[in-house]
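upload_17.cif (mmCIF, C-alpha atoms and all ligand atoms) appears below.
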```cif
data_data
loop_
_atom_site.label_atom_id
_atom_site.label_comp_id
_atom_site.auth_asym_id
_atom_site.auth_seq_id
_atom_site.Cartn_x
_atom_site.Cartn_y
_atom_site.Cartn_z
CA MET A 17 14.06 -12.41 -0.90
CA ASN A 18 13.49 -9.59 1.58
CA VAL A 19 9.91 -8.97 2.67
CA LEU A 20 8.69 -5.97 4.64
CA LEU A 21 5.35 -6.41 6.39
CA VAL A 22 3.82 -3.10 7.40
CA TYR A 23 1.21 -4.09 9.93
CA ALA A 24 -1.50 -1.99 11.55
CA HIS A 25 -3.62 -3.54 14.30
CA PRO A 26 -3.65 -2.48 17.95
CA GLU A 27 -4.20 -5.96 19.44
CA PRO A 28 -1.64 -8.78 19.01
CA ARG A 29 -4.28 -11.38 20.04
CA SER A 30 -6.59 -10.32 17.20
CA LEU A 31 -7.32 -12.23 14.04
CA ASN A 32 -4.92 -9.89 12.28
CA GLY A 33 -2.30 -10.60 14.90
CA ALA A 34 -2.66 -14.35 14.39
CA LEU A 35 -2.53 -13.99 10.61
CA ARG A 36 0.53 -11.80 10.92
CA GLU A 37 2.31 -14.47 12.97
CA TYR A 38 1.33 -17.08 10.44
CA ALA A 39 2.55 -14.96 7.51
CA VAL A 40 5.94 -14.27 9.07
CA HIS A 41 6.43 -17.95 9.87
CA ARG A 42 5.40 -19.04 6.38
CA LEU A 43 7.70 -16.56 4.66
CA GLU A 44 10.63 -17.45 6.90
CA GLN A 45 10.07 -21.15 6.34
CA ALA A 46 10.29 -20.47 2.63
CA GLY A 47 13.71 -18.92 3.21
CA HIS A 48 12.82 -15.24 3.00
CA ASN A 49 14.11 -12.52 5.30
CA VAL A 50 11.19 -10.79 6.98
CA GLU A 51 11.06 -7.41 8.66
CA VAL A 52 7.86 -6.28 10.37
CA SER A 53 6.92 -2.66 10.97
CA ASP A 54 4.30 -3.23 13.67
CA LEU A 55 3.00 0.31 13.78
CA TYR A 56 1.08 0.18 17.07
CA ALA A 57 3.86 -1.73 18.85
CA MET A 58 6.37 0.83 17.54
CA GLN A 59 4.09 3.62 18.73
CA TRP A 60 4.48 5.04 15.25
CA ASN A 61 3.78 8.75 15.11
CA PRO A 62 1.29 9.17 12.24
CA VAL A 63 1.11 12.97 12.28
CA LEU A 64 2.97 14.75 9.49
CA ALA A 65 4.27 17.97 11.07
CA PRO A 66 7.14 20.50 10.94
CA GLY A 67 9.19 18.33 13.30
CA ASP A 68 9.60 15.74 10.53
CA ASN A 69 12.36 18.03 9.21
CA LEU A 70 14.77 18.62 12.07
CA ALA A 71 16.04 21.72 10.28
CA TRP A 72 12.73 23.42 9.51
CA PRO A 73 13.22 26.99 10.82
CA ALA A 74 10.99 27.99 13.71
CA GLY A 75 8.39 30.56 12.76
CA VAL A 76 8.64 29.96 8.99
CA ARG A 77 5.35 29.06 7.29
CA PHE A 78 5.32 25.25 7.06
CA GLU A 79 5.08 23.82 3.56
CA ALA A 80 4.87 20.06 3.84
CA SER A 81 6.29 19.16 0.42
CA VAL A 82 9.10 21.70 0.50
CA SER A 83 10.07 20.66 4.01
CA SER A 84 9.98 16.99 3.07
CA ARG A 85 12.21 17.50 0.01
CA GLN A 86 14.75 19.56 1.92
CA ALA A 87 14.88 17.06 4.77
CA LEU A 88 15.50 14.14 2.40
CA GLU A 89 18.15 16.04 0.42
CA ASN A 90 19.95 17.42 3.45
CA GLY A 91 19.72 14.40 5.70
CA THR A 92 17.59 16.23 8.27
CA GLN A 93 14.62 13.87 8.28
CA SER A 94 13.33 12.61 11.57
CA ALA A 95 15.14 9.29 12.21
CA ASP A 96 11.93 7.24 12.31
CA ILE A 97 11.14 8.29 8.72
CA THR A 98 14.62 7.44 7.46
CA ARG A 99 14.48 4.00 9.10
CA GLU A 100 11.24 3.12 7.31
CA GLN A 101 12.59 4.36 3.98
CA GLU A 102 15.64 2.14 4.46
CA LYS A 103 13.34 -0.82 5.05
CA LEU A 104 11.49 -0.03 1.83
CA ARG A 105 14.76 0.16 -0.11
CA TRP A 106 15.85 -3.16 1.42
CA ALA A 107 12.63 -4.98 0.60
CA ASP A 108 11.97 -6.95 -2.56
CA ALA A 109 8.31 -7.15 -1.60
CA VAL A 110 6.15 -5.12 0.73
CA ILE A 111 2.91 -6.27 2.34
CA PHE A 112 0.46 -3.89 3.98
CA GLN A 113 -1.73 -5.83 6.42
CA PHE A 114 -4.67 -4.13 8.10
CA PRO A 115 -8.36 -4.38 8.99
CA LEU A 116 -10.58 -2.31 6.73
CA TRP A 117 -11.69 0.63 8.86
CA TRP A 118 -14.20 2.98 7.35
CA PHE A 119 -13.47 1.75 3.86
CA SER A 120 -9.77 2.44 4.11
CA MET A 121 -6.62 1.73 6.10
CA PRO A 122 -6.35 2.57 9.82
CA ALA A 123 -5.16 6.14 10.39
CA ILE A 124 -1.83 4.98 11.81
CA LEU A 125 -0.97 3.34 8.49
CA LYS A 126 -2.13 6.34 6.47
CA GLY A 127 0.16 8.44 8.65
CA TRP A 128 3.03 6.05 7.97
CA VAL A 129 2.52 6.63 4.25
CA GLU A 130 2.23 10.40 4.63
CA ARG A 131 5.50 10.68 6.56
CA VAL A 132 7.63 7.94 4.98
CA TYR A 133 6.66 8.72 1.39
CA ALA A 134 8.84 11.83 1.22
CA TYR A 135 9.20 14.27 -1.67
CA GLY A 136 12.09 12.97 -3.78
CA PHE A 137 11.55 9.46 -2.42
CA ALA A 138 7.99 8.45 -3.34
CA TYR A 139 6.91 11.52 -5.29
CA GLY A 140 8.65 14.38 -7.06
CA VAL A 141 10.96 11.76 -8.61
CA GLY A 142 12.43 12.14 -12.11
CA GLU A 143 12.08 14.87 -14.72
CA HIS A 144 9.03 17.08 -14.37
CA SER A 145 8.23 18.94 -17.56
CA ASP A 146 5.42 19.34 -20.08
CA THR A 147 6.62 16.15 -21.77
CA HIS A 148 7.49 13.98 -18.77
CA TRP A 149 5.40 14.26 -15.64
CA GLY A 150 7.82 12.59 -13.28
CA ASP A 151 8.73 8.95 -12.77
CA ARG A 152 5.54 7.66 -11.27
CA TYR A 153 2.67 5.22 -11.89
CA GLY A 154 4.83 2.27 -12.76
CA GLU A 155 8.20 4.02 -12.43
CA GLY A 156 10.01 5.54 -9.47
CA THR A 157 12.10 4.70 -6.43
CA LEU A 158 10.23 1.49 -5.65
CA ALA A 159 10.09 0.10 -9.20
CA GLY A 160 11.01 -3.55 -9.49
CA LYS A 161 9.53 -4.39 -6.09
CA ARG A 162 6.26 -6.19 -5.48
CA ALA A 163 3.49 -5.12 -3.16
CA MET A 164 0.35 -6.80 -1.85
CA LEU A 165 -2.47 -5.88 0.51
CA VAL A 166 -3.73 -8.32 3.14
CA VAL A 167 -7.04 -6.92 4.35
CA THR A 168 -9.72 -8.18 6.72
CA THR A 169 -13.29 -6.90 6.56
CA GLY A 170 -16.39 -7.23 8.69
CA GLY A 171 -18.51 -7.12 5.54
CA TRP A 172 -19.30 -10.20 3.49
CA ALA A 173 -17.75 -10.89 0.09
CA PRO A 174 -21.02 -10.17 -1.76
CA HIS A 175 -21.23 -6.77 -0.05
CA TYR A 176 -18.02 -5.98 -1.95
CA ALA A 177 -18.97 -7.70 -5.23
CA PRO A 178 -19.38 -5.62 -8.42
CA ARG A 179 -23.05 -4.89 -7.50
CA GLY A 180 -22.65 -5.04 -3.72
CA ILE A 181 -23.83 -2.16 -1.59
CA ASN A 182 -20.36 -1.29 -0.27
CA GLY A 183 -18.99 -0.90 -3.76
CA PRO A 184 -16.55 -3.28 -5.46
CA ILE A 185 -13.50 -4.10 -3.37
CA ASP A 186 -11.22 -3.23 -6.30
CA ASP A 187 -12.69 0.29 -6.35
CA ILE A 188 -12.40 0.69 -2.58
CA LEU A 189 -8.76 -0.40 -2.65
CA PHE A 190 -7.92 1.57 -5.82
CA PRO A 191 -6.59 4.65 -3.99
CA ILE A 192 -4.23 2.41 -2.02
CA GLN A 193 -3.23 0.02 -4.77
CA HIS A 194 -2.95 2.58 -7.57
CA GLY A 195 -2.38 5.81 -5.67
CA ILE A 196 -0.07 4.60 -2.89
CA LEU A 197 1.59 1.47 -4.29
CA PHE A 198 1.69 1.74 -8.09
CA TYR A 199 2.48 5.49 -7.93
CA PRO A 200 6.02 5.12 -6.54
CA GLY A 201 6.67 2.13 -8.79
CA PHE A 202 5.54 -1.07 -7.09
CA ASP A 203 4.17 -3.96 -9.13
CA VAL A 204 0.95 -4.57 -7.21
CA VAL A 205 -0.39 -8.09 -7.03
CA PRO A 206 -4.12 -8.62 -6.39
CA PRO A 207 -5.12 -8.13 -2.75
CA HIS A 208 -5.79 -10.95 -0.34
CA VAL A 209 -9.07 -10.10 1.39
CA ILE A 210 -10.55 -12.05 4.30
CA TYR A 211 -14.24 -11.21 4.53
CA ARG A 212 -16.85 -11.59 7.26
CA THR A 213 -14.39 -11.79 10.08
CA SER A 214 -16.98 -12.10 12.85
CA LYS A 215 -17.72 -15.59 11.53
CA VAL A 216 -14.13 -16.77 11.66
CA GLY A 217 -13.92 -19.72 14.02
CA GLU A 218 -11.21 -22.36 14.29
CA ALA A 219 -12.03 -24.08 11.00
CA GLU A 220 -12.30 -20.80 9.11
CA PHE A 221 -9.04 -19.65 10.65
CA GLU A 222 -7.28 -22.77 9.34
CA GLN A 223 -8.73 -22.11 5.90
CA ALA A 224 -7.73 -18.45 6.06
CA CYS A 225 -4.15 -19.43 6.92
CA ALA A 226 -4.00 -21.95 4.10
CA ALA A 227 -5.31 -19.41 1.59
CA LEU A 228 -2.95 -16.70 2.83
CA GLY A 229 -0.04 -19.15 2.78
CA LYS A 230 -0.71 -19.96 -0.86
CA ARG A 231 -0.75 -16.27 -1.74
CA LEU A 232 2.57 -15.79 0.04
CA ASP A 233 4.10 -18.79 -1.70
CA ASP A 234 2.96 -17.30 -5.02
CA LEU A 235 3.94 -13.72 -4.23
CA TRP A 236 6.79 -13.74 -6.76
CA THR A 237 4.88 -15.39 -9.58
CA THR A 238 1.34 -13.99 -9.32
CA PRO A 239 0.70 -11.63 -12.24
CA SER A 240 0.48 -8.04 -11.05
CA ILE A 241 -2.59 -5.89 -11.59
CA PRO A 242 -2.20 -4.50 -15.12
CA PHE A 243 -2.35 -0.82 -14.25
CA ARG A 244 -1.38 1.32 -17.20
CA LYS A 245 2.02 3.00 -16.89
CA GLN A 246 1.98 6.76 -17.07
CA ASN A 247 4.96 7.07 -19.41
CA ALA A 248 4.26 4.20 -21.81
CA GLY A 249 2.04 6.13 -24.23
CA ALA A 250 -1.46 5.53 -22.86
CA TYR A 251 -1.88 9.06 -21.49
CA VAL A 252 -1.92 12.49 -23.10
CA ILE A 253 0.79 14.54 -21.41
CA PRO A 254 0.63 17.01 -19.66
CA GLU A 255 -3.15 16.61 -19.22
CA LEU A 256 -2.60 13.01 -18.09
CA THR A 257 -5.92 11.88 -19.45
CA LEU A 258 -6.23 8.46 -20.99
CA ARG A 259 -5.98 8.63 -24.78
CA PRO A 260 -9.51 8.83 -26.21
CA GLU A 261 -9.12 5.66 -28.29
CA LEU A 262 -8.42 3.59 -25.16
CA ALA A 263 -11.51 2.47 -23.20
CA ALA A 264 -13.38 4.82 -25.57
CA GLY A 265 -16.33 6.57 -23.96
CA GLU A 266 -15.74 4.96 -20.57
CA SER A 267 -14.71 6.45 -17.26
CA GLY A 268 -14.04 5.16 -13.78
CA PHE A 269 -11.15 3.41 -12.08
CA HIS A 270 -11.21 0.41 -14.39
CA ILE A 271 -10.09 2.43 -17.43
CA HIS A 272 -6.62 2.56 -15.87
CA LEU A 273 -6.29 -1.18 -16.34
CA ASP A 274 -4.76 -2.36 -19.58
CA GLN A 275 -7.65 -4.39 -20.99
CA SER A 276 -5.38 -6.14 -23.49
CA TRP A 277 -3.59 -7.80 -20.57
P1 LIG B 1 -10.89 -9.87 15.54
O1 LIG B 1 -12.03 -9.06 16.00
O2 LIG B 1 -9.68 -9.94 16.41
O3 LIG B 1 -11.34 -11.37 15.25
C1 LIG B 1 -12.40 -11.67 14.37
C2 LIG B 1 -12.85 -13.10 14.67
O4 LIG B 1 -11.81 -14.00 14.37
C3 LIG B 1 -13.22 -13.30 16.15
O5 LIG B 1 -14.47 -13.91 16.20
C4 LIG B 1 -12.12 -14.20 16.64
O6 LIG B 1 -12.55 -15.05 17.67
C5 LIG B 1 -11.80 -15.00 15.38
N1 LIG B 1 -10.56 -15.78 15.40
C6 LIG B 1 -10.47 -17.03 14.89
N2 LIG B 1 -9.25 -17.52 15.06
C7 LIG B 1 -8.53 -16.58 15.68
C8 LIG B 1 -7.17 -16.53 16.11
N3 LIG B 1 -6.33 -17.54 15.93
N4 LIG B 1 -6.77 -15.39 16.72
C9 LIG B 1 -7.63 -14.35 16.88
N5 LIG B 1 -8.92 -14.36 16.47
C10 LIG B 1 -9.37 -15.48 15.87
N6 LIG B 1 -15.68 -3.61 8.12
C11 LIG B 1 -16.00 -3.42 6.83
O7 LIG B 1 -16.30 -4.35 6.11
N7 LIG B 1 -15.94 -2.17 6.28
C12 LIG B 1 -15.59 -1.08 7.02
O8 LIG B 1 -15.54 0.03 6.48
C13 LIG B 1 -15.30 -1.26 8.40
N8 LIG B 1 -14.97 -0.21 9.17
C14 LIG B 1 -14.62 -0.42 10.47
C15 LIG B 1 -14.22 0.65 11.25
C16 LIG B 1 -13.83 0.47 12.55
C17 LIG B 1 -13.38 1.64 13.36
C18 LIG B 1 -13.85 -0.83 13.12
C19 LIG B 1 -13.43 -1.06 14.54
C20 LIG B 1 -14.25 -1.91 12.36
C21 LIG B 1 -14.63 -1.72 11.03
N9 LIG B 1 -14.99 -2.79 10.21
C22 LIG B 1 -15.33 -2.58 8.90
C23 LIG B 1 -14.87 -4.17 10.69
C24 LIG B 1 -13.39 -4.59 10.64
O9 LIG B 1 -12.89 -4.60 9.34
C25 LIG B 1 -13.20 -5.95 11.29
O10 LIG B 1 -13.59 -5.81 12.64
C26 LIG B 1 -11.76 -6.43 11.22
O11 LIG B 1 -11.38 -6.65 9.89
C27 LIG B 1 -11.60 -7.71 11.98
O12 LIG B 1 -10.23 -8.00 12.11
P2 LIG B 1 -9.59 -8.20 13.57
O13 LIG B 1 -8.18 -8.63 13.39
O14 LIG B 1 -9.83 -6.98 14.38
O15 LIG B 1 -10.50 -9.40 14.06
#
```

Write-out of the structure in structure tokens:
Amino acid sequence: MNVLLVYAHPEPRSLNGALREYAVHRLEQAGHNVEVSDLYAMQWNPVLAPGDNLAWPAGVRFEASVSSRQALENGTQSADITREQEKLRWADAVIFQFPLWWFSMPAILKGWVERVYAYGFAYGVGEHSDTHWGDRYGEGTLAGKRAMLVVTTGGWAPHYAPRGINGPIDDILFPIQHGILFYPGFDVVPPHVIYRTSKVGEAEFEQACAALGKRLDDLWTTPSIPFRKQNAGAYVIPELTLRPELAAGESGFHIHLDQSW
């Protein structure tokens, strides 16, 4: 299988750097082809801007979505964007690995998503009408591929438990797992989170590698998070609200999980 690891940490000698090395080795030993987009090492430009479309006319009011669609259709995307899209098309599984920074991904990775996820590639895909609101949330360009987050946090696991002060980790990662990964079609497997990183010594590092290795070995067989598909009947279209009889009276991120799973 082909695995793309999109990696965001500025220091190769960091815990993340060591885990990245371990992950690549483990996947390759298992016979997979691995490609790493090491965003800091690549000096990835995270700033979505008119220059992303080489043909955007000077002086014309910049409309990010319009420009993105035209660039994809006409082959005028900046080459760095096209290269990353090709890697995504090549991959059978994609891993985002990053330290949790301010309850989200580092800005360089967010900027990778903003620029690589072009209109017509990751969004604006499929029929858009009052009866079909695009191929998204379970359908789309990246359907059939798997995705997983590997995240390190300074906070302890209980800080991210259902009643922890930081909020549940599944809620914190929901915008990434549901909004960024499930949206363009990925099957998202549960995240691998390494908590309390300041307490990671040699023994904990060995344990962290063993646990990560097991998750990588199981990447193809781990059940994906049962997010509800947009176009499978659970939502009223075009309002895109969950049908009232499902998770009746409830609200919050968890209602978008199929409880019958
Ligand atoms: P490092 O700092 O590189 O290492 C962590 C520990 O692992 C060190 O003690 C190191 O010695 C040890 N280690 C053991 N074995 C190895 C090895 N083989 N190689 C390297 N190191 C090893 N945390 C939260 O919980 N929530 C937040 O919202 C949050 N926001 C943050 C925002 C910013 C801007 C920053 C800088 C940090 C934030 N943090 C937050 C903390 C952050 O998530 C952690 O600092 C990060 O996950 C640690 O990963 P690292 O790779 O940088 O670890």

Please check which protein, DNA or RNA residues sit within 7 Å of ligand LIG 1 (chain B), counting all atoms listed in the file, and write them as a tab-separated table (two decimals) with C-alpha atoms, in the frame of the given file.
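This went into part-v1.tsv:
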```
chain	number	residue	atom	x	y	z
A	25	HIS	CA	-3.62	-3.54	14.30
A	29	ARG	CA	-4.28	-11.38	20.04
A	30	SER	CA	-6.59	-10.32	17.20
A	31	LEU	CA	-7.32	-12.23	14.04
A	32	ASN	CA	-4.92	-9.89	12.28
A	33	GLY	CA	-2.30	-10.60	14.90
A	34	ALA	CA	-2.66	-14.35	14.39
A	115	PRO	CA	-8.36	-4.38	8.99
A	116	LEU	CA	-10.58	-2.31	6.73
A	117	TRP	CA	-11.69	0.63	8.86
A	118	TRP	CA	-14.20	2.98	7.35
A	119	PHE	CA	-13.47	1.75	3.86
A	120	SER	CA	-9.77	2.44	4.11
A	168	THR	CA	-9.72	-8.18	6.72
A	169	THR	CA	-13.29	-6.90	6.56
A	170	GLY	CA	-16.39	-7.23	8.69
A	171	GLY	CA	-18.51	-7.12	5.54
A	213	THR	CA	-14.39	-11.79	10.08
A	214	SER	CA	-16.98	-12.10	12.85
A	215	LYS	CA	-17.72	-15.59	11.53
A	216	VAL	CA	-14.13	-16.77	11.66
A	217	GLY	CA	-13.92	-19.72	14.02
A	218	GLU	CA	-11.21	-22.36	14.29
A	221	PHE	CA	-9.04	-19.65	10.65
```

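Candidate residues A:Val40, A:Met164, A:Val22, A:Ile97 were compared for distance to A:Pro122, and the nearest is A:Val22, using only C-alpha atoms.
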
(request) With a distance cut-off of 12 Å and only C-alpha atoms, select the neighbouring residues of A:Trp60, excluding the residue or stretch itself and same-chain residues fewer than 3 positions from it, and output the selection as an MDAnalysis selection string. (result) chainID A and resid 22:26 53:57 63:64 95:97 99:100 123:129 131:132

(request) Find the residues around A:Tyr139 up to 9 Å (only C-alpha atoms counted), leave out those fewer than 4 positions away in its own chain, and share them as a list in words. (result) Tyr133, Ala134, Tyr135, Gly150, Asp151, Arg152, Gly156, Thr157, Tyr199 and Pro200 of chain A

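Take atom CA of A:Leu235 and atom CA of A:Ala163: the distance between them is 8.7 Å.
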
(request) Could you tell me which of A:Pro207, A:Gly136, A:Pro260, A:Gly154 comes closest to A:Ser84 if we count all atoms listed in the file? (result) A:Gly136

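Distances from A:Ile196, A:Ile241, A:Leu256, A:Ala39 to A:Gln275 were compared using all atoms listed in the file, and the smallest one belongs to A:Ile241.
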
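Nearest residue to A:Pro174, choosing from A:His272, A:Trp236, A:Tyr211, A:Gly229 and counting only C-alpha atoms: A:Tyr211.
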
Could you work out an axis-aligned bounding box for all listed atoms of stretch 151-160 of chain A, with 5 Å added on each of the six sides, and give its centre and edge lengths in Å to one decimal, as AutoDock Vina command-line options?
```
--center_x 7.4 --center_y 2.7 --center_z -9.2 --size_x 19.4 --size_y 22.5 --size_z 17.1
```

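Of the residues listed (A:Leu20, A:Val204, A:Leu70, A:Val50), A:Val204 shows the shortest atom-to-atom separation from A:Thr238; distances use only C-alpha atoms.
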
(request) Calculate how many Å separate atom CA of A:Pro239 from atom CA of A:His194, rounding to one decimal. (result) 15.4 Å

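Counting all atoms listed in the file, the residue from A:Met58, A:Ala177, A:Leu35, A:Leu21 that sits nearest to A:Gln223 is A:Leu35.
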
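Between atom CA of A:Pro206 and atom CA of A:Phe243 lies a distance of 11.2 Å.
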
Model the absent atoms of stretch 250-270 of chain A so that N, CA and C atoms are present, and write the result as a PDB file, in the coordinates of the input.
```
ATOM      1  N   ALA A 250      -0.003   5.630 -22.999  1.00  0.00           N
ATOM      2  CA  ALA A 250      -1.460   5.530 -22.860  1.00  0.00           C
ATOM      3  C   ALA A 250      -2.102   6.877 -22.500  1.00  0.00           C
ATOM      4  N   TYR A 251      -1.317   7.794 -21.987  1.00  0.00           N
ATOM      5  CA  TYR A 251      -1.880   9.060 -21.490  1.00  0.00           C
ATOM      6  C   TYR A 251      -1.389  10.240 -22.314  1.00  0.00           C
ATOM      7  N   VAL A 252      -2.282  11.215 -22.479  1.00  0.00           N
ATOM      8  CA  VAL A 252      -1.920  12.490 -23.100  1.00  0.00           C
ATOM      9  C   VAL A 252      -1.188  13.292 -22.030  1.00  0.00           C
ATOM     10  N   ILE A 253      -0.003  13.772 -22.372  1.00  0.00           N
ATOM     11  CA  ILE A 253       0.790  14.540 -21.410  1.00  0.00           C
ATOM     12  C   ILE A 253       0.866  15.987 -21.916  1.00  0.00           C
ATOM     13  N   PRO A 254       0.645  17.024 -21.125  1.00  0.00           N
ATOM     14  CA  PRO A 254       0.630  17.010 -19.660  1.00  0.00           C
ATOM     15  C   PRO A 254      -0.757  16.851 -19.039  1.00  0.00           C
ATOM     16  N   GLU A 255      -1.822  16.712 -19.836  1.00  0.00           N
ATOM     17  CA  GLU A 255      -3.150  16.610 -19.220  1.00  0.00           C
ATOM     18  C   GLU A 255      -3.290  15.352 -18.370  1.00  0.00           C
ATOM     19  N   LEU A 256      -2.547  14.300 -18.782  1.00  0.00           N
ATOM     20  CA  LEU A 256      -2.600  13.010 -18.090  1.00  0.00           C
ATOM     21  C   LEU A 256      -3.998  12.409 -18.089  1.00  0.00           C
ATOM     22  N   THR A 257      -4.657  12.584 -19.215  1.00  0.00           N
ATOM     23  CA  THR A 257      -5.920  11.880 -19.450  1.00  0.00           C
ATOM     24  C   THR A 257      -5.633  10.686 -20.350  1.00  0.00           C
ATOM     25  N   LEU A 258      -6.415   9.653 -20.158  1.00  0.00           N
ATOM     26  CA  LEU A 258      -6.230   8.460 -20.990  1.00  0.00           C
ATOM     27  C   LEU A 258      -6.557   8.821 -22.437  1.00  0.00           C
ATOM     28  N   ARG A 259      -5.751   8.339 -23.356  1.00  0.00           N
ATOM     29  CA  ARG A 259      -5.980   8.630 -24.780  1.00  0.00           C
ATOM     30  C   ARG A 259      -7.408   8.229 -25.154  1.00  0.00           C
ATOM     31  N   PRO A 260      -8.090   9.057 -25.947  1.00  0.00           N
ATOM     32  CA  PRO A 260      -9.510   8.830 -26.210  1.00  0.00           C
ATOM     33  C   PRO A 260      -9.818   7.485 -26.875  1.00  0.00           C
ATOM     34  N   GLU A 261      -8.849   6.937 -27.603  1.00  0.00           N
ATOM     35  CA  GLU A 261      -9.120   5.660 -28.290  1.00  0.00           C
ATOM     36  C   GLU A 261      -9.042   4.457 -27.333  1.00  0.00           C
ATOM     37  N   LEU A 262      -8.497   4.688 -26.135  1.00  0.00           N
ATOM     38  CA  LEU A 262      -8.420   3.590 -25.160  1.00  0.00           C
ATOM     39  C   LEU A 262      -9.642   3.646 -24.254  1.00  0.00           C
ATOM     40  N   ALA A 263     -10.267   2.535 -23.998  1.00  0.00           N
ATOM     41  CA  ALA A 263     -11.510   2.470 -23.200  1.00  0.00           C
ATOM     42  C   ALA A 263     -12.453   3.595 -23.652  1.00  0.00           C
ATOM     43  N   ALA A 264     -12.640   3.693 -24.964  1.00  0.00           N
ATOM     44  CA  ALA A 264     -13.380   4.820 -25.570  1.00  0.00           C
ATOM     45  C   ALA A 264     -14.743   5.006 -24.921  1.00  0.00           C
ATOM     46  N   GLY A 265     -15.026   6.226 -24.513  1.00  0.00           N
ATOM     47  CA  GLY A 265     -16.330   6.570 -23.960  1.00  0.00           C
ATOM     48  C   GLY A 265     -16.536   6.131 -22.524  1.00  0.00           C
ATOM     49  N   GLU A 266     -15.563   5.462 -21.943  1.00  0.00           N
ATOM     50  CA  GLU A 266     -15.740   4.960 -20.570  1.00  0.00           C
ATOM     51  C   GLU A 266     -15.010   5.865 -19.576  1.00  0.00           C
ATOM     52  N   SER A 267     -15.423   5.760 -18.333  1.00  0.00           N
ATOM     53  CA  SER A 267     -14.710   6.450 -17.260  1.00  0.00           C
ATOM     54  C   SER A 267     -14.771   5.565 -16.031  1.00  0.00           C
ATOM     55  N   GLY A 268     -14.071   5.977 -14.998  1.00  0.00           N
ATOM     56  CA  GLY A 268     -14.040   5.160 -13.780  1.00  0.00           C
ATOM     57  C   GLY A 268     -12.666   4.524 -13.595  1.00  0.00           C
ATOM     58  N   PHE A 269     -12.477   3.952 -12.419  1.00  0.00           N
ATOM     59  CA  PHE A 269     -11.150   3.410 -12.080  1.00  0.00           C
ATOM     60  C   PHE A 269     -10.679   2.360 -13.090  1.00  0.00           C
ATOM     61  N   HIS A 270     -11.613   1.554 -13.579  1.00  0.00           N
ATOM     62  CA  HIS A 270     -11.210   0.410 -14.390  1.00  0.00           C
ATOM     63  C   HIS A 270     -10.534   0.811 -15.700  1.00  0.00           C
TER      64      HIS A 270
END
```
